[in-house]
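The file input30.cif contains mmCIF, C-alpha atoms:
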```cif
data_run
loop_
_atom_site.label_atom_id
_atom_site.label_comp_id
_atom_site.auth_asym_id
_atom_site.auth_seq_id
_atom_site.Cartn_x
_atom_site.Cartn_y
_atom_site.Cartn_z
CA MET A 1 9.63 -44.36 -71.86
CA THR A 2 7.56 -43.02 -68.96
CA GLY A 3 7.87 -39.41 -67.87
CA LEU A 4 10.07 -40.15 -64.89
CA HIS A 5 12.33 -42.36 -66.97
CA ALA A 6 12.57 -39.56 -69.51
CA PHE A 7 13.56 -37.24 -66.66
CA GLU A 8 16.18 -39.69 -65.39
CA ASN A 9 17.56 -40.02 -68.92
CA ALA A 10 17.86 -36.22 -69.35
CA ARG A 11 19.52 -35.93 -65.94
CA GLN A 12 22.04 -38.68 -66.76
CA LEU A 13 23.02 -36.97 -70.02
CA LEU A 14 23.33 -33.58 -68.31
CA LYS A 15 25.54 -35.16 -65.65
CA GLN A 16 28.06 -36.15 -68.36
CA LEU A 17 28.71 -32.49 -69.16
CA PRO A 18 31.93 -31.02 -67.77
CA GLY A 19 31.59 -29.51 -64.31
CA LEU A 20 28.17 -30.98 -63.59
CA GLY A 21 27.53 -33.53 -60.86
CA TYR A 22 24.42 -35.39 -59.80
CA ARG A 23 22.86 -32.48 -57.93
CA SER A 24 23.69 -29.73 -60.42
CA ALA A 25 22.39 -31.87 -63.33
CA GLU A 26 19.18 -32.48 -61.40
CA ARG A 27 18.83 -28.78 -60.66
CA ILE A 28 19.25 -27.84 -64.33
CA ALA A 29 16.81 -30.54 -65.49
CA LEU A 30 14.16 -29.33 -63.03
CA HIS A 31 14.83 -25.73 -64.00
CA LEU A 32 14.26 -26.45 -67.70
CA LEU A 33 11.38 -28.90 -67.31
CA VAL A 34 9.31 -27.47 -64.46
CA GLU A 35 10.56 -24.21 -63.00
CA ASN A 36 11.28 -22.23 -66.20
CA PRO A 37 10.05 -24.36 -69.12
CA GLU A 38 9.93 -21.29 -71.38
CA ARG A 39 13.73 -21.38 -71.48
CA LEU A 40 14.00 -24.90 -72.89
CA GLN A 41 13.01 -24.32 -76.51
CA PRO A 42 15.32 -21.31 -77.13
CA LEU A 43 18.22 -23.27 -75.60
CA LEU A 44 17.59 -26.36 -77.76
CA GLU A 45 17.41 -24.16 -80.87
CA ALA A 46 20.53 -22.18 -79.95
CA LEU A 47 22.57 -25.36 -79.46
CA ARG A 48 21.27 -26.87 -82.70
CA ASP A 49 22.03 -23.68 -84.65
CA ALA A 50 25.51 -23.41 -83.20
CA ALA A 51 26.20 -27.08 -83.92
CA GLU A 52 25.17 -26.63 -87.53
CA GLN A 53 27.50 -23.67 -88.04
CA LEU A 54 30.54 -24.62 -86.02
CA HIS A 55 33.09 -27.41 -86.02
CA ARG A 56 36.74 -28.10 -85.25
CA CYS A 57 39.42 -26.21 -87.13
CA GLU A 58 41.07 -28.80 -89.37
CA ARG A 59 44.51 -27.49 -88.56
CA CYS A 60 44.55 -26.59 -84.85
CA GLY A 61 41.34 -28.05 -83.35
CA ASN A 62 39.92 -24.68 -82.24
CA LEU A 63 36.27 -23.70 -82.76
CA ALA A 64 35.87 -22.71 -86.41
CA GLU A 65 33.22 -21.30 -88.75
CA SER A 66 34.95 -22.60 -91.86
CA THR A 67 37.72 -25.14 -92.54
CA LEU A 68 40.27 -23.07 -90.62
CA CYS A 69 39.62 -20.99 -87.51
CA LYS A 70 40.07 -17.25 -87.17
CA LEU A 71 43.45 -17.59 -85.46
CA CYS A 72 44.90 -19.93 -88.09
CA THR A 73 44.00 -17.48 -90.86
CA ASP A 74 45.05 -14.31 -89.01
CA PRO A 75 48.14 -12.88 -90.80
CA HIS A 76 49.10 -10.91 -87.67
CA ARG A 77 49.75 -14.01 -85.55
CA ASN A 78 53.31 -15.34 -85.31
CA GLY A 79 52.89 -18.59 -87.22
CA HIS A 80 56.36 -19.84 -86.25
CA ARG A 81 55.49 -20.13 -82.55
CA LEU A 82 53.03 -22.89 -81.68
CA CYS A 83 51.43 -23.31 -78.27
CA ILE A 84 50.14 -26.83 -77.50
CA ILE A 85 47.19 -26.92 -75.10
CA GLU A 86 44.72 -29.48 -73.76
CA GLN A 87 41.41 -27.80 -74.46
CA ILE A 88 39.80 -24.75 -76.05
CA PRO A 89 39.14 -23.02 -72.70
CA ASP A 90 42.95 -22.95 -72.26
CA LEU A 91 43.20 -21.13 -75.60
CA LEU A 92 40.52 -18.64 -74.56
CA ALA A 93 42.27 -18.03 -71.23
CA LEU A 94 45.62 -17.39 -72.95
CA GLU A 95 43.93 -15.06 -75.45
CA ARG A 96 42.11 -13.13 -72.71
CA ALA A 97 45.44 -12.70 -70.93
CA ASN A 98 47.10 -11.60 -74.16
CA ALA A 99 49.85 -14.05 -73.21
CA HIS A 100 50.73 -15.62 -76.56
CA ASP A 101 51.06 -14.04 -80.01
CA GLY A 102 51.50 -17.24 -82.00
CA CYS A 103 49.22 -20.06 -83.08
CA TYR A 104 47.76 -22.94 -81.10
CA HIS A 105 47.27 -26.64 -81.30
CA VAL A 106 44.44 -28.10 -79.21
CA LEU A 107 44.92 -31.75 -78.17
CA HIS A 108 41.32 -32.10 -76.86
CA GLY A 109 42.54 -33.99 -73.83
CA LYS A 110 45.67 -35.33 -72.18
CA LEU A 111 47.00 -38.86 -71.76
CA SER A 112 45.17 -40.62 -68.95
CA PRO A 113 45.39 -44.44 -68.78
CA ILE A 114 42.89 -44.41 -65.89
CA ARG A 115 40.25 -42.77 -68.04
CA GLY A 116 41.22 -44.79 -71.11
CA ILE A 117 42.68 -41.82 -73.00
CA GLY A 118 45.63 -42.88 -75.11
CA PRO A 119 47.49 -41.10 -77.94
CA GLU A 120 44.79 -42.16 -80.47
CA GLN A 121 42.20 -40.11 -78.58
CA LEU A 122 44.28 -36.93 -78.83
CA ASN A 123 44.43 -34.53 -81.77
CA LEU A 124 47.97 -35.61 -82.69
CA ALA A 125 47.64 -36.63 -86.36
CA SER A 126 47.14 -33.04 -87.47
CA LEU A 127 50.02 -31.91 -85.23
CA GLU A 128 52.30 -34.38 -87.04
CA LYS A 129 51.10 -32.95 -90.35
CA ARG A 130 51.86 -29.42 -89.18
CA LEU A 131 55.43 -30.41 -88.29
CA SER A 132 56.14 -32.32 -91.50
CA PRO A 133 58.52 -30.84 -94.08
CA ASN A 134 55.61 -30.59 -96.52
CA SER A 135 53.79 -28.18 -94.22
CA SER A 136 53.81 -24.49 -95.14
CA GLU A 137 53.95 -23.50 -91.47
CA ASN A 138 57.67 -23.66 -90.70
CA ILE A 139 57.33 -23.90 -86.92
CA GLU A 140 60.40 -22.76 -84.96
CA GLU A 141 59.25 -22.98 -81.35
CA ILE A 142 56.75 -25.18 -79.56
CA ILE A 143 55.45 -24.09 -76.16
CA LEU A 144 54.00 -26.99 -74.17
CA ALA A 145 51.23 -25.32 -72.15
CA LEU A 146 49.71 -28.47 -70.66
CA SER A 147 48.52 -28.81 -67.07
CA ASN A 148 50.91 -28.86 -64.16
CA ASP A 149 49.92 -32.40 -63.14
CA ILE A 150 51.02 -35.99 -63.77
CA GLU A 151 48.84 -36.41 -66.84
CA GLY A 152 50.05 -33.12 -68.33
CA GLU A 153 53.62 -34.19 -67.62
CA ALA A 154 53.09 -37.59 -69.29
CA THR A 155 51.53 -35.94 -72.32
CA CYS A 156 54.47 -33.54 -72.73
CA HIS A 157 56.84 -36.48 -72.43
CA TYR A 158 54.96 -38.47 -75.03
CA ILE A 159 54.84 -35.60 -77.51
CA GLN A 160 58.52 -34.88 -77.11
CA GLY A 161 59.50 -38.55 -77.42
CA THR A 162 57.44 -39.31 -80.49
CA LEU A 163 56.64 -36.25 -82.59
CA LEU A 164 59.33 -33.78 -81.65
CA ALA A 165 62.33 -36.10 -81.57
CA ALA A 166 62.17 -36.16 -85.35
CA HIS A 167 62.50 -32.35 -85.48
CA PRO A 168 65.62 -31.40 -83.50
CA ALA A 169 65.67 -27.91 -85.00
CA ILE A 170 62.46 -26.93 -83.24
CA HIS A 171 62.98 -25.14 -79.93
CA ILE A 172 60.77 -26.76 -77.29
CA THR A 173 59.72 -25.00 -74.08
CA ARG A 174 57.21 -25.64 -71.32
CA ILE A 175 55.29 -22.86 -69.56
CA GLY A 176 56.65 -21.80 -66.17
CA PHE A 177 55.46 -23.24 -62.87
CA GLY A 178 55.47 -21.46 -59.53
CA ILE A 179 53.60 -19.14 -57.25
CA PRO A 180 50.53 -17.62 -58.92
CA SER A 181 50.00 -13.88 -59.08
CA GLY A 182 48.69 -12.20 -55.93
CA THR A 183 49.87 -14.68 -53.32
CA GLY A 184 53.04 -15.82 -51.51
CA PRO A 185 54.81 -18.92 -50.20
CA THR A 186 52.60 -19.13 -47.09
CA TYR A 187 49.48 -19.70 -49.14
CA VAL A 188 50.50 -22.26 -51.76
CA ASP A 189 50.74 -26.04 -51.49
CA PRO A 190 54.07 -27.89 -50.99
CA THR A 191 54.24 -29.16 -54.60
CA THR A 192 53.82 -25.64 -55.96
CA LEU A 193 56.55 -24.44 -53.58
CA LYS A 194 58.93 -27.16 -54.73
CA ASN A 195 58.16 -26.29 -58.36
CA ALA A 196 58.71 -22.62 -57.61
CA ILE A 197 62.11 -23.23 -56.05
CA ALA A 198 63.14 -25.54 -58.89
CA ALA A 199 62.01 -22.90 -61.40
CA ARG A 200 63.99 -20.07 -59.77
CA ARG A 201 65.67 -17.68 -62.18
CA GLN A 202 68.58 -15.26 -62.12
CA TYR A 203 67.53 -12.04 -60.37
CA GLN A 204 68.97 -8.96 -62.04
CA MET B 1 23.41 -15.48 -87.54
CA THR B 2 27.08 -16.30 -88.08
CA GLY B 3 28.67 -19.31 -86.41
CA LEU B 4 30.36 -17.32 -83.66
CA HIS B 5 27.16 -15.42 -82.94
CA ALA B 6 25.33 -18.73 -82.73
CA PHE B 7 27.98 -19.89 -80.26
CA GLU B 8 27.63 -16.71 -78.19
CA ASN B 9 23.86 -17.17 -78.16
CA ALA B 10 24.11 -20.78 -76.95
CA ARG B 11 26.59 -19.74 -74.26
CA GLN B 12 24.34 -16.91 -73.06
CA LEU B 13 21.36 -19.24 -72.73
CA LEU B 14 23.45 -21.87 -70.92
CA LYS B 15 24.68 -19.19 -68.53
CA GLN B 16 21.08 -18.55 -67.42
CA LEU B 17 20.84 -22.09 -66.05
CA PRO B 18 21.13 -22.43 -62.28
CA GLY B 19 24.67 -22.92 -61.02
CA LEU B 20 26.36 -22.01 -64.29
CA GLY B 21 28.56 -18.94 -64.72
CA TYR B 22 30.36 -17.50 -67.72
CA ARG B 23 33.22 -20.00 -67.68
CA SER B 24 31.18 -23.13 -66.94
CA ALA B 25 28.64 -22.24 -69.67
CA GLU B 26 31.50 -21.72 -72.12
CA ARG B 27 33.03 -25.05 -71.13
CA ILE B 28 29.74 -26.90 -71.67
CA ALA B 29 29.10 -25.19 -75.02
CA LEU B 30 32.58 -26.13 -76.27
CA HIS B 31 32.14 -29.65 -74.95
CA LEU B 32 28.88 -30.16 -76.87
CA LEU B 33 29.87 -28.32 -80.04
CA VAL B 34 33.51 -29.23 -80.56
CA GLU B 35 34.99 -31.62 -78.03
CA ASN B 36 32.22 -34.26 -77.85
CA PRO B 37 29.65 -33.34 -80.52
CA GLU B 38 28.26 -36.91 -80.48
CA ARG B 39 26.68 -36.10 -77.11
CA LEU B 40 24.61 -33.15 -78.33
CA GLN B 41 21.83 -34.93 -80.21
CA PRO B 42 20.98 -37.48 -77.46
CA LEU B 43 20.86 -34.63 -74.93
CA LEU B 44 18.55 -32.48 -77.07
CA GLU B 45 16.25 -35.46 -77.60
CA ALA B 46 16.25 -36.45 -73.93
CA LEU B 47 15.29 -32.93 -72.85
CA ARG B 48 12.57 -32.70 -75.50
CA ASP B 49 11.13 -36.10 -74.55
CA ALA B 50 11.17 -35.25 -70.85
CA ALA B 51 9.54 -31.88 -71.51
CA GLU B 52 6.76 -33.56 -73.47
CA GLN B 53 5.96 -36.01 -70.71
CA LEU B 54 6.45 -33.95 -67.57
CA HIS B 55 4.91 -30.86 -66.06
CA ARG B 56 4.08 -29.29 -62.71
CA CYS B 57 1.72 -31.11 -60.36
CA GLU B 58 -1.45 -29.01 -60.31
CA ARG B 59 -1.76 -29.33 -56.57
CA CYS B 60 1.74 -29.11 -55.10
CA GLY B 61 4.02 -27.91 -57.92
CA ASN B 62 6.24 -31.01 -57.91
CA LEU B 63 7.37 -32.76 -61.09
CA ALA B 64 4.41 -34.84 -62.35
CA GLU B 65 3.63 -37.35 -65.10
CA SER B 66 -0.12 -36.70 -64.90
CA THR B 67 -2.30 -33.99 -63.32
CA LEU B 68 -1.13 -34.88 -59.83
CA CYS B 69 2.33 -36.07 -58.83
CA LYS B 70 3.23 -39.41 -57.27
CA LEU B 71 3.42 -37.96 -53.76
CA CYS B 72 0.02 -36.24 -53.94
CA THR B 73 -1.66 -39.50 -54.96
CA ASP B 74 0.27 -41.76 -52.54
CA PRO B 75 -2.24 -43.03 -49.92
CA HIS B 76 0.61 -43.79 -47.49
CA ARG B 77 1.65 -40.15 -47.09
CA ASN B 78 0.23 -38.18 -44.16
CA GLY B 79 -1.99 -35.74 -46.05
CA HIS B 80 -2.66 -33.63 -42.96
CA ARG B 81 0.95 -32.47 -42.66
CA LEU B 82 2.11 -30.09 -45.36
CA CYS B 83 5.71 -29.01 -45.85
CA ILE B 84 6.19 -25.74 -47.74
CA ILE B 85 9.45 -25.51 -49.68
CA GLU B 86 11.11 -23.20 -52.20
CA GLN B 87 12.07 -25.59 -54.95
CA ILE B 88 11.86 -29.20 -56.05
CA PRO B 89 15.49 -29.97 -55.09
CA ASP B 90 14.43 -29.19 -51.48
CA LEU B 91 11.70 -31.83 -51.81
CA LEU B 92 14.16 -34.36 -53.20
CA ALA B 93 16.62 -33.64 -50.39
CA LEU B 94 13.90 -34.12 -47.73
CA GLU B 95 12.77 -37.35 -49.41
CA ARG B 96 16.32 -38.71 -49.64
CA ALA B 97 16.75 -37.97 -45.94
CA ASN B 98 13.42 -39.63 -45.18
CA ALA B 99 12.74 -36.55 -43.07
CA HIS B 100 9.06 -35.86 -43.79
CA ASP B 101 6.14 -38.29 -44.14
CA GLY B 102 3.53 -35.76 -45.25
CA CYS B 103 2.85 -33.87 -48.46
CA TYR B 104 4.64 -30.88 -49.97
CA HIS B 105 3.91 -27.54 -51.53
CA VAL B 106 6.59 -26.10 -53.82
CA LEU B 107 6.60 -22.29 -54.07
CA HIS B 108 9.08 -22.26 -57.00
CA GLY B 109 10.98 -19.37 -55.45
CA LYS B 110 11.01 -17.04 -52.48
CA LEU B 111 10.16 -13.36 -52.12
CA SER B 112 13.03 -11.21 -53.37
CA PRO B 113 12.35 -7.55 -54.19
CA ILE B 114 15.92 -7.21 -55.50
CA ARG B 115 15.32 -9.89 -58.12
CA GLY B 116 11.75 -8.69 -58.81
CA ILE B 117 10.09 -11.74 -57.26
CA GLY B 118 6.82 -10.81 -55.54
CA PRO B 119 3.94 -12.96 -54.27
CA GLU B 120 2.47 -13.19 -57.81
CA GLN B 121 5.57 -15.04 -58.99
CA LEU B 122 5.20 -17.72 -56.31
CA ASN B 123 2.97 -20.80 -56.44
CA LEU B 124 0.57 -19.39 -53.83
CA ALA B 125 -2.83 -19.57 -55.60
CA SER B 126 -2.92 -23.35 -55.40
CA LEU B 127 -1.75 -23.21 -51.77
CA GLU B 128 -4.75 -21.00 -50.97
CA LYS B 129 -6.99 -23.53 -52.71
CA ARG B 130 -5.53 -26.37 -50.64
CA LEU B 131 -6.27 -24.49 -47.41
CA SER B 132 -9.84 -23.48 -48.33
CA PRO B 133 -12.78 -25.18 -46.58
CA ASN B 134 -13.82 -26.66 -49.95
CA SER B 135 -10.57 -28.60 -50.18
CA SER B 136 -10.66 -32.30 -49.43
CA GLU B 137 -7.20 -32.15 -47.85
CA ASN B 138 -7.95 -31.11 -44.29
CA ILE B 139 -4.45 -29.86 -43.46
CA GLU B 140 -3.63 -29.77 -39.74
CA GLU B 141 0.02 -28.75 -39.67
CA ILE B 142 2.15 -26.64 -41.96
CA ILE B 143 5.92 -26.92 -41.75
CA LEU B 144 7.69 -23.91 -43.25
CA ALA B 145 10.91 -25.41 -44.63
CA LEU B 146 12.19 -22.31 -46.40
CA SER B 147 15.81 -21.16 -46.45
CA ASN B 148 17.54 -19.82 -43.38
CA ASP B 149 18.12 -16.38 -44.91
CA ILE B 150 16.42 -12.99 -45.14
CA GLU B 151 14.37 -13.89 -48.19
CA GLY B 152 13.22 -17.18 -46.66
CA GLU B 153 12.30 -15.29 -43.49
CA ALA B 154 10.31 -12.70 -45.46
CA THR B 155 8.50 -15.42 -47.39
CA CYS B 156 7.50 -17.25 -44.19
CA HIS B 157 6.29 -13.97 -42.76
CA TYR B 158 4.24 -13.18 -45.84
CA ILE B 159 2.63 -16.64 -45.96
CA GLN B 160 1.73 -16.49 -42.30
CA GLY B 161 0.34 -12.94 -42.51
CA THR B 162 -1.80 -13.52 -45.59
CA LEU B 163 -2.78 -17.14 -46.13
CA LEU B 164 -2.44 -18.70 -42.72
CA ALA B 165 -3.97 -15.92 -40.61
CA ALA B 166 -7.36 -17.00 -42.00
CA HIS B 167 -6.83 -20.53 -40.69
CA PRO B 168 -6.06 -20.28 -36.95
CA ALA B 169 -6.73 -23.99 -36.42
CA ILE B 170 -3.72 -24.98 -38.48
CA HIS B 171 -0.57 -25.62 -36.44
CA ILE B 172 2.34 -23.73 -38.04
CA THR B 173 5.98 -24.67 -37.49
CA ARG B 174 9.30 -23.75 -39.06
CA ILE B 175 12.19 -26.20 -39.46
CA GLY B 176 14.94 -25.95 -36.85
CA PHE B 177 18.09 -23.86 -37.27
CA GLY B 178 21.46 -24.57 -35.70
CA ILE B 179 24.70 -26.47 -36.02
CA PRO B 180 24.67 -28.99 -38.88
CA SER B 181 25.48 -32.63 -38.35
CA GLY B 182 29.15 -33.55 -38.07
CA THR B 183 30.58 -30.23 -36.86
CA GLY B 184 30.77 -28.04 -33.75
CA PRO B 185 30.67 -24.40 -32.61
CA THR B 186 34.27 -23.75 -33.68
CA TYR B 187 33.48 -24.40 -37.32
CA VAL B 188 30.21 -22.55 -37.95
CA ASP B 189 29.62 -18.88 -38.70
CA PRO B 190 28.44 -16.37 -36.06
CA THR B 191 24.86 -16.18 -37.38
CA THR B 192 24.48 -19.96 -37.22
CA LEU B 193 25.85 -19.89 -33.67
CA LYS B 194 23.37 -17.20 -32.60
CA ASN B 195 20.55 -19.20 -34.23
CA ALA B 196 21.74 -22.34 -32.48
CA ILE B 197 21.76 -20.68 -29.07
CA ALA B 198 18.34 -19.13 -29.71
CA ALA B 199 17.02 -22.55 -30.77
CA ARG B 200 18.30 -24.39 -27.68
CA ARG B 201 15.97 -26.98 -26.25
CA GLN B 202 15.41 -28.71 -22.91
CA TYR B 203 18.01 -31.43 -22.42
CA GLN B 204 16.55 -34.51 -20.82
#
```
Turn this file's structure into structure tokens for me.
Amino acid sequence: MTGLHAFENARQLLKQLPGLGYRSAERIALHLLVENPERLQPLLEALRDAAEQLHRCERCGNLAESTLCKLCTDPHRNGHRLCIIEQIPDLLALERANAHDGCYHVLHGKLSPIRGIGPEQLNLASLEKRLSPNSSENIEEIILALSNDIEGEATCHYIQGTLLAAHPAIHITRIGFGIPSGTGPTYVDPTTLKNAIAARRQYQ
Amino acid sequence: MTGLHAFENARQLLKQLPGLGYRSAERIALHLLVENPERLQPLLEALRDAAEQLHRCERCGNLAESTLCKLCTDPHRNGHRLCIIEQIPDLLALERANAHDGCYHVLHGKLSPIRGIGPEQLNLASLEKRLSPNSSENIEEIILALSNDIEGEATCHYIQGTLLAAHPAIHITRIGFGIPSGTGPTYVDPTTLKNAIAARRQYQ
């Protein structure tokens, strides 16, 4: 491989990372290869070290140092309340907000026929195991905290129709939709407004 | 280092890359370590390979496979017209636009006292060499294509006052400022409008 092919290869692989496009991948490649080459080696080592020490929690799919993650082994979490999310950043956001005191289950994606993501690509096998009568977890409520979009909707539907139908005793909820904090009807899009009206609640 | 420290370390180093903030660095780290770990090794190898084969062009600072880059050794470029830019992405943008037929000089930054970037941090020594009477280049025009901001302004000023003052025969220009393609006065900010009025030209 010539040097410029090697560059093109690095740029292509950077471009596959979430949030990076053609230009931002190019900028990062040039930064690491020409502008600040002293930063490359520490970054490669840091990623390799982290990869060696971390993996998916076998139970919930979160980042873990051992078989189970810190949240799954924390006795202070409410283990009967399970929040299903698409990706680890969702978990981190909910934790930063102190919004949920129970455990999580990370699907690592949502159903998306267009992008070829079907049920097999999602972390559903271990969810089924968690719900089975043999499980020690005894889950009472499941909060579906998937995205407020068509794919999130389809994923909720699928989970309810397949996994949860077999467990009628479990209370299933979905996180609320509506106007985000700090703004008003003037500033949100029509779909959000419709959701907000549909999600209206008794005012006391 | 424990696993979570290793993760924090990787995230910190990713955050130093251009265009990445706390959240985007976290997202990329999780992507490479947990969500799509099969992508990590090819990326590490691609960056290492590219770093081994590429470096800065000794003359202009561009990405190069050998001592000089492809543009510096291209006999079809106008070697008498030199375009001074801040960073390699500027060069790539000008090349994509087919906007400049001469050679380039990449400063790898602009003067910024706030961020501790002085003349020593810029690629100015080789620019001085290119302008010296011993150089084979015989530069006739310099186009200052630095950013339209205070730091770009200061950098142009510095280059003119130090390097170029010794070469009165060289014709110095700065790229035009004004309303970008595809929009009109209503949609640009007041500074751009003032620049555009100040940069008005004879209409024929």
Exercise for the section: Just say which residues the PyMOL selection byres ((chain B) within 8 of (chain A)) picks in this file, as JSON, numbers by chain. Expected result: {"B": [2, 3, 4, 6, 7, 9, 10, 13, 14, 17, 18, 19, 24, 26, 27, 28, 29, 30, 31, 33, 34, 35, 37, 42, 43, 44, 46, 47, 49, 50, 51, 53, 54, 55, 56, 63, 64, 65, 88, 89, 108]}
Please produce a file of those selected residues containing C-alpha atoms, as a PDB file, keeping the file's coordinate frame.
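The file below, part22.pdb, is the result:
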```
ATOM      1  CA  THR B   2      27.080 -16.300 -88.080  1.00  0.00           C
ATOM      2  CA  GLY B   3      28.670 -19.310 -86.410  1.00  0.00           C
ATOM      3  CA  LEU B   4      30.360 -17.320 -83.660  1.00  0.00           C
ATOM      4  CA  ALA B   6      25.330 -18.730 -82.730  1.00  0.00           C
ATOM      5  CA  PHE B   7      27.980 -19.890 -80.260  1.00  0.00           C
ATOM      6  CA  ASN B   9      23.860 -17.170 -78.160  1.00  0.00           C
ATOM      7  CA  ALA B  10      24.110 -20.780 -76.950  1.00  0.00           C
ATOM      8  CA  LEU B  13      21.360 -19.240 -72.730  1.00  0.00           C
ATOM      9  CA  LEU B  14      23.450 -21.870 -70.920  1.00  0.00           C
ATOM     10  CA  LEU B  17      20.840 -22.090 -66.050  1.00  0.00           C
ATOM     11  CA  PRO B  18      21.130 -22.430 -62.280  1.00  0.00           C
ATOM     12  CA  GLY B  19      24.670 -22.920 -61.020  1.00  0.00           C
ATOM     13  CA  SER B  24      31.180 -23.130 -66.940  1.00  0.00           C
ATOM     14  CA  GLU B  26      31.500 -21.720 -72.120  1.00  0.00           C
ATOM     15  CA  ARG B  27      33.030 -25.050 -71.130  1.00  0.00           C
ATOM     16  CA  ILE B  28      29.740 -26.900 -71.670  1.00  0.00           C
ATOM     17  CA  ALA B  29      29.100 -25.190 -75.020  1.00  0.00           C
ATOM     18  CA  LEU B  30      32.580 -26.130 -76.270  1.00  0.00           C
ATOM     19  CA  HIS B  31      32.140 -29.650 -74.950  1.00  0.00           C
ATOM     20  CA  LEU B  33      29.870 -28.320 -80.040  1.00  0.00           C
ATOM     21  CA  VAL B  34      33.510 -29.230 -80.560  1.00  0.00           C
ATOM     22  CA  GLU B  35      34.990 -31.620 -78.030  1.00  0.00           C
ATOM     23  CA  PRO B  37      29.650 -33.340 -80.520  1.00  0.00           C
ATOM     24  CA  PRO B  42      20.980 -37.480 -77.460  1.00  0.00           C
ATOM     25  CA  LEU B  43      20.860 -34.630 -74.930  1.00  0.00           C
ATOM     26  CA  LEU B  44      18.550 -32.480 -77.070  1.00  0.00           C
ATOM     27  CA  ALA B  46      16.250 -36.450 -73.930  1.00  0.00           C
ATOM     28  CA  LEU B  47      15.290 -32.930 -72.850  1.00  0.00           C
ATOM     29  CA  ASP B  49      11.130 -36.100 -74.550  1.00  0.00           C
ATOM     30  CA  ALA B  50      11.170 -35.250 -70.850  1.00  0.00           C
ATOM     31  CA  ALA B  51       9.540 -31.880 -71.510  1.00  0.00           C
ATOM     32  CA  GLN B  53       5.960 -36.010 -70.710  1.00  0.00           C
ATOM     33  CA  LEU B  54       6.450 -33.950 -67.570  1.00  0.00           C
ATOM     34  CA  HIS B  55       4.910 -30.860 -66.060  1.00  0.00           C
ATOM     35  CA  ARG B  56       4.080 -29.290 -62.710  1.00  0.00           C
ATOM     36  CA  LEU B  63       7.370 -32.760 -61.090  1.00  0.00           C
ATOM     37  CA  ALA B  64       4.410 -34.840 -62.350  1.00  0.00           C
ATOM     38  CA  GLU B  65       3.630 -37.350 -65.100  1.00  0.00           C
ATOM     39  CA  ILE B  88      11.860 -29.200 -56.050  1.00  0.00           C
ATOM     40  CA  PRO B  89      15.490 -29.970 -55.090  1.00  0.00           C
ATOM     41  CA  HIS B 108       9.080 -22.260 -57.000  1.00  0.00           C
TER      42      HIS B 108
END
```
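One finds CA of Thr67 in chain A at 29.0 Å from CA of Ile175 in chain A.
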Completion exercise
Of B:Asn98, B:Gly152, B:Thr191, B:Ile114, the one sitting nearest Ile84 in chain B when using only C-alpha atoms is B:Gly152
Exercise for the section: Run the PyMOL selection byres ((chain B and resi 163-167) around 9) against the file shown and list the residues it catches, as a count of residues only. Expected result: 14
Exercise for the section: Would you list the contacts of Ala154 in chain B as number ranges by chain, taking every protein, DNA or RNA residue within 9 Å and counting all atoms listed in the file, but skipping same-chain residues closer than 5 positions in sequence? Expected result: B: 110-112, 149, 159
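The list of residues with at least one atom within 12 Å of His171 in chain A, based on all atoms listed in the file and without residues fewer than 4 positions apart in the same chain, reads His80, Arg81, Leu82, Cys83, Ile139, Glu140, Glu141, Ile142, Ile143, Leu144, Gln160, Leu164, Ala165 and His167 of chain A.
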With 4 Å of padding per side, what axis-aligned box (centre and edge lengths, Å, one decimal) covers all the listed atoms of range 150-169 of chain A? Give it as AutoDock Vina command-line options.
```
--center_x 57.3 --center_y -33.6 --center_z -74.6 --size_x 24.8 --size_y 19.4 --size_z 29.7
```
Practice task
To one decimal in Å, tell me the separation between CA of Gly79 in chain B and CA of Ala125 in chain B.
Solution key: 18.8 Å
Who sits within 12 Å of Thr192 in chain A, all atoms listed in the file, same chain under 5 positions skipped, as a tab-separated table (two decimals) with C-alpha atoms, keeping the file's coordinate frame:
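See out08.tsv below for the written result:
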```tsv
chain	number	residue	atom	x	y	z
A	148	ASN	CA	50.91	-28.86	-64.16
A	149	ASP	CA	49.92	-32.40	-63.14
A	176	GLY	CA	56.65	-21.80	-66.17
A	177	PHE	CA	55.46	-23.24	-62.87
A	178	GLY	CA	55.47	-21.46	-59.53
A	179	ILE	CA	53.60	-19.14	-57.25
A	180	PRO	CA	50.53	-17.62	-58.92
A	183	THR	CA	49.87	-14.68	-53.32
A	184	GLY	CA	53.04	-15.82	-51.51
A	185	PRO	CA	54.81	-18.92	-50.20
A	186	THR	CA	52.60	-19.13	-47.09
A	187	TYR	CA	49.48	-19.70	-49.14
A	197	ILE	CA	62.11	-23.23	-56.05
A	198	ALA	CA	63.14	-25.54	-58.89
A	199	ALA	CA	62.01	-22.90	-61.40
```
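Computed from the coordinates, the CA of Leu71 in chain B to CA of Tyr104 in chain B distance equals 8.1 Å.
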Handout entry: Evaluate the PyMOL selection byres ((chain B and resi 59) around 8) and report residues as a list in words
Key =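 Expected selection for the PyMOL selection byres ((chain B and resi 59) around 8) here is Cys57, Glu58, Cys60, Gly61, Leu68, Cys72, His105, Ser126, Leu127 and Arg130 of chain B.
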Practice task
Go through A:Ile150, A:Ile117, A:Ala196, A:Cys103 and flag the residue nearest His76 in chain A, using only C-alpha atoms for the distances.
Solution key: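 Counting only C-alpha atoms, the residue closest to His76 in chain A is A:Cys103.
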Handout entry: Residues within 9 Å of (47.4, -18.2, -73.3), file coords, only C-alpha atoms, listed as a list in words
Key =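 I get Cys83, Ile85, Asp90, Leu91, Leu92, Ala93, Leu94, Glu95, Arg96, Ala97, Asn98, Ala99, His100, Asp101 and Ala145 of chain A for the residues within 9 Å of that point.
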